[in-house]
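Novice: Handing over work38.pdb, PDB, C-alpha atoms, pLDDT in the B column.
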```pdb
ATOM      1  CA  MET V   1     -18.828  34.392   2.755  1.00 71.00           C
ATOM      2  CA  VAL V   2     -19.687  32.482   5.918  1.00 76.00           C
ATOM      3  CA  LEU V   3     -22.064  35.229   7.006  1.00 85.00           C
ATOM      4  CA  VAL V   4     -23.834  35.089   3.657  1.00 84.00           C
ATOM      5  CA  LEU V   5     -24.288  31.308   3.753  1.00 86.00           C
ATOM      6  CA  LEU V   6     -25.194  31.067   7.457  1.00 90.00           C
ATOM      7  CA  PRO V   7     -28.969  31.641   6.955  1.00 93.00           C
ATOM      8  CA  VAL V   8     -29.002  28.979   4.247  1.00 93.00           C
ATOM      9  CA  LEU V   9     -27.158  26.572   6.553  1.00 89.00           C
ATOM     10  CA  VAL V  10     -29.703  27.166   9.318  1.00 93.00           C
ATOM     11  CA  LEU V  11     -32.572  26.418   6.928  1.00 95.00           C
ATOM     12  CA  VAL V  12     -30.861  23.249   5.693  1.00 90.00           C
ATOM     13  CA  VAL V  13     -30.311  22.004   9.245  1.00 87.00           C
ATOM     14  CA  LEU V  14     -33.944  22.717  10.162  1.00 92.00           C
ATOM     15  CA  ALA V  15     -35.151  20.907   7.031  1.00 93.00           C
ATOM     16  CA  ALA V  16     -32.908  17.949   7.882  1.00 90.00           C
ATOM     17  CA  ILE V  17     -34.346  17.784  11.402  1.00 90.00           C
ATOM     18  CA  VAL V  18     -37.913  17.844  10.067  1.00 94.00           C
ATOM     19  CA  ALA V  19     -37.057  15.150   7.508  1.00 93.00           C
ATOM     20  CA  CYS V  20     -35.528  12.999  10.267  1.00 93.00           C
ATOM     21  CA  LEU V  21     -38.668  13.326  12.350  1.00 93.00           C
ATOM     22  CA  VAL V  22     -40.915  12.501   9.393  1.00 95.00           C
ATOM     23  CA  PHE V  23     -38.927   9.405   8.422  1.00 94.00           C
ATOM     24  CA  ARG V  24     -38.286   8.393  12.064  1.00 94.00           C
ATOM     25  CA  ILE V  25     -34.507   8.699  11.897  1.00 92.00           C
ATOM     26  CA  ARG V  26     -32.503   9.637  14.980  1.00 94.00           C
ATOM     27  CA  VAL V  27     -31.685  13.325  14.575  1.00 90.00           C
ATOM     28  CA  VAL V  28     -28.411  13.255  16.531  1.00 91.00           C
ATOM     29  CA  ARG V  29     -27.028  10.312  14.563  1.00 93.00           C
ATOM     30  CA  ALA V  30     -28.067  11.850  11.233  1.00 91.00           C
ATOM     31  CA  LEU V  31     -26.460  15.199  12.062  1.00 86.00           C
ATOM     32  CA  GLY V  32     -23.334  13.362  13.241  1.00 91.00           C
ATOM     33  CA  ALA V  33     -23.128  11.455   9.978  1.00 92.00           C
ATOM     34  CA  GLY V  34     -23.597  14.691   8.018  1.00 87.00           C
ATOM     35  CA  TRP V  35     -20.822  16.341  10.016  1.00 89.00           C
ATOM     36  CA  ARG V  36     -18.467  13.444   9.243  1.00 92.00           C
ATOM     37  CA  VAL V  37     -19.217  13.784   5.526  1.00 90.00           C
ATOM     38  CA  VAL V  38     -18.571  17.554   5.600  1.00 85.00           C
ATOM     39  CA  SER V  39     -15.346  16.991   7.582  1.00 89.00           C
ATOM     40  CA  ALA V  40     -14.096  14.595   4.901  1.00 89.00           C
ATOM     41  CA  LEU V  41     -14.620  17.109   2.060  1.00 88.00           C
ATOM     42  CA  PRO V  42     -11.411  19.215   2.320  1.00 90.00           C
ATOM     43  CA  GLY V  43      -9.189  18.364  -0.618  1.00 88.00           C
ATOM     44  CA  ALA V  44     -12.102  17.144  -2.747  1.00 89.00           C
ATOM     45  CA  ARG V  45     -12.321  18.250  -6.385  1.00 89.00           C
ATOM     46  CA  PHE V  46     -15.417  18.076  -8.559  1.00 87.00           C
ATOM     47  CA  ASP V  47     -15.177  18.541 -12.327  1.00 91.00           C
ATOM     48  CA  ILE V  48     -18.507  19.199 -14.019  1.00 89.00           C
ATOM     49  CA  GLU V  49     -18.747  19.375 -17.804  1.00 92.00           C
ATOM     50  CA  GLN V  50     -21.865  20.115 -19.854  1.00 89.00           C
ATOM     51  CA  GLY V  51     -21.438  20.735 -23.536  1.00 89.00           C
ATOM     52  CA  HIS V  52     -19.011  23.631 -24.026  1.00 91.00           C
ATOM     53  CA  SER V  53     -19.108  24.656 -20.375  1.00 93.00           C
ATOM     54  CA  ALA V  54     -16.933  23.307 -17.581  1.00 93.00           C
ATOM     55  CA  VAL V  55     -16.819  24.049 -13.845  1.00 92.00           C
ATOM     56  CA  LEU V  56     -14.175  22.978 -11.336  1.00 89.00           C
ATOM     57  CA  VAL V  57     -15.093  23.072  -7.649  1.00 87.00           C
ATOM     58  CA  ALA V  58     -12.214  22.542  -5.234  1.00 87.00           C
ATOM     59  CA  ILE V  59     -12.916  22.400  -1.498  1.00 85.00           C
ATOM     60  CA  ARG V  60     -10.011  23.397   0.702  1.00 82.00           C
TER      61      ARG V  60
END
```
What does the file become when written as structure tokens?

Specialist:
Amino acid sequence: MVLVLLPVLVLVVLAAIVACLVFRIRVVRALGAGWRVVSALPGARFDIEQGHSAVLVAIR
């Protein structure tokens, strides 16, 4: 699954760098903050309900 999502991750990182440059945000600090958020995700659970449908996303 990592190999499938790797191209998407590269595009997201490139878009984040461009956005940082456009809005004059320090790229290294922004990527560091993003890494800290991703590192804090293990154990998180998201329950999404819409009408008769429900989705549970659990990050391990």

Novice: If you apply the PyMOL selection byres ((chain V and resi 43) around 8) to this file, what residues do you get, as an MDAnalysis selection string?

Specialist: chainID V and resid 41:42 44:45 58:60

Novice: In Å, with one decimal, what is the gap from atom CA of V:Ile25 to atom CA of V:Val13?

Specialist: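 Separation between atom CA of V:Ile25 and atom CA of V:Val13: 14.2 Å.
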
Novice: Smallest atom-to-atom distance to V:Ala33: which of V:Leu11, V:Ala16, V:Leu21, V:Val57, using all atoms listed in the file?

Specialist: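 For V:Ala33, the nearest of the candidates is V:Ala16.
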
Novice: Just to confirm, what's the straight-line distance from atom CA of V:Val38 to atom CA of V:Leu9 in Å (one decimal)?

Specialist: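 These two atoms are separated by 12.5 Å.
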
Novice: Atom CA of V:Leu31 and atom CA of V:Val12 are how many Å apart?

Specialist: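 Spanning atom CA of V:Leu31 to atom CA of V:Val12 is a straight-line distance of 11.2 Å.
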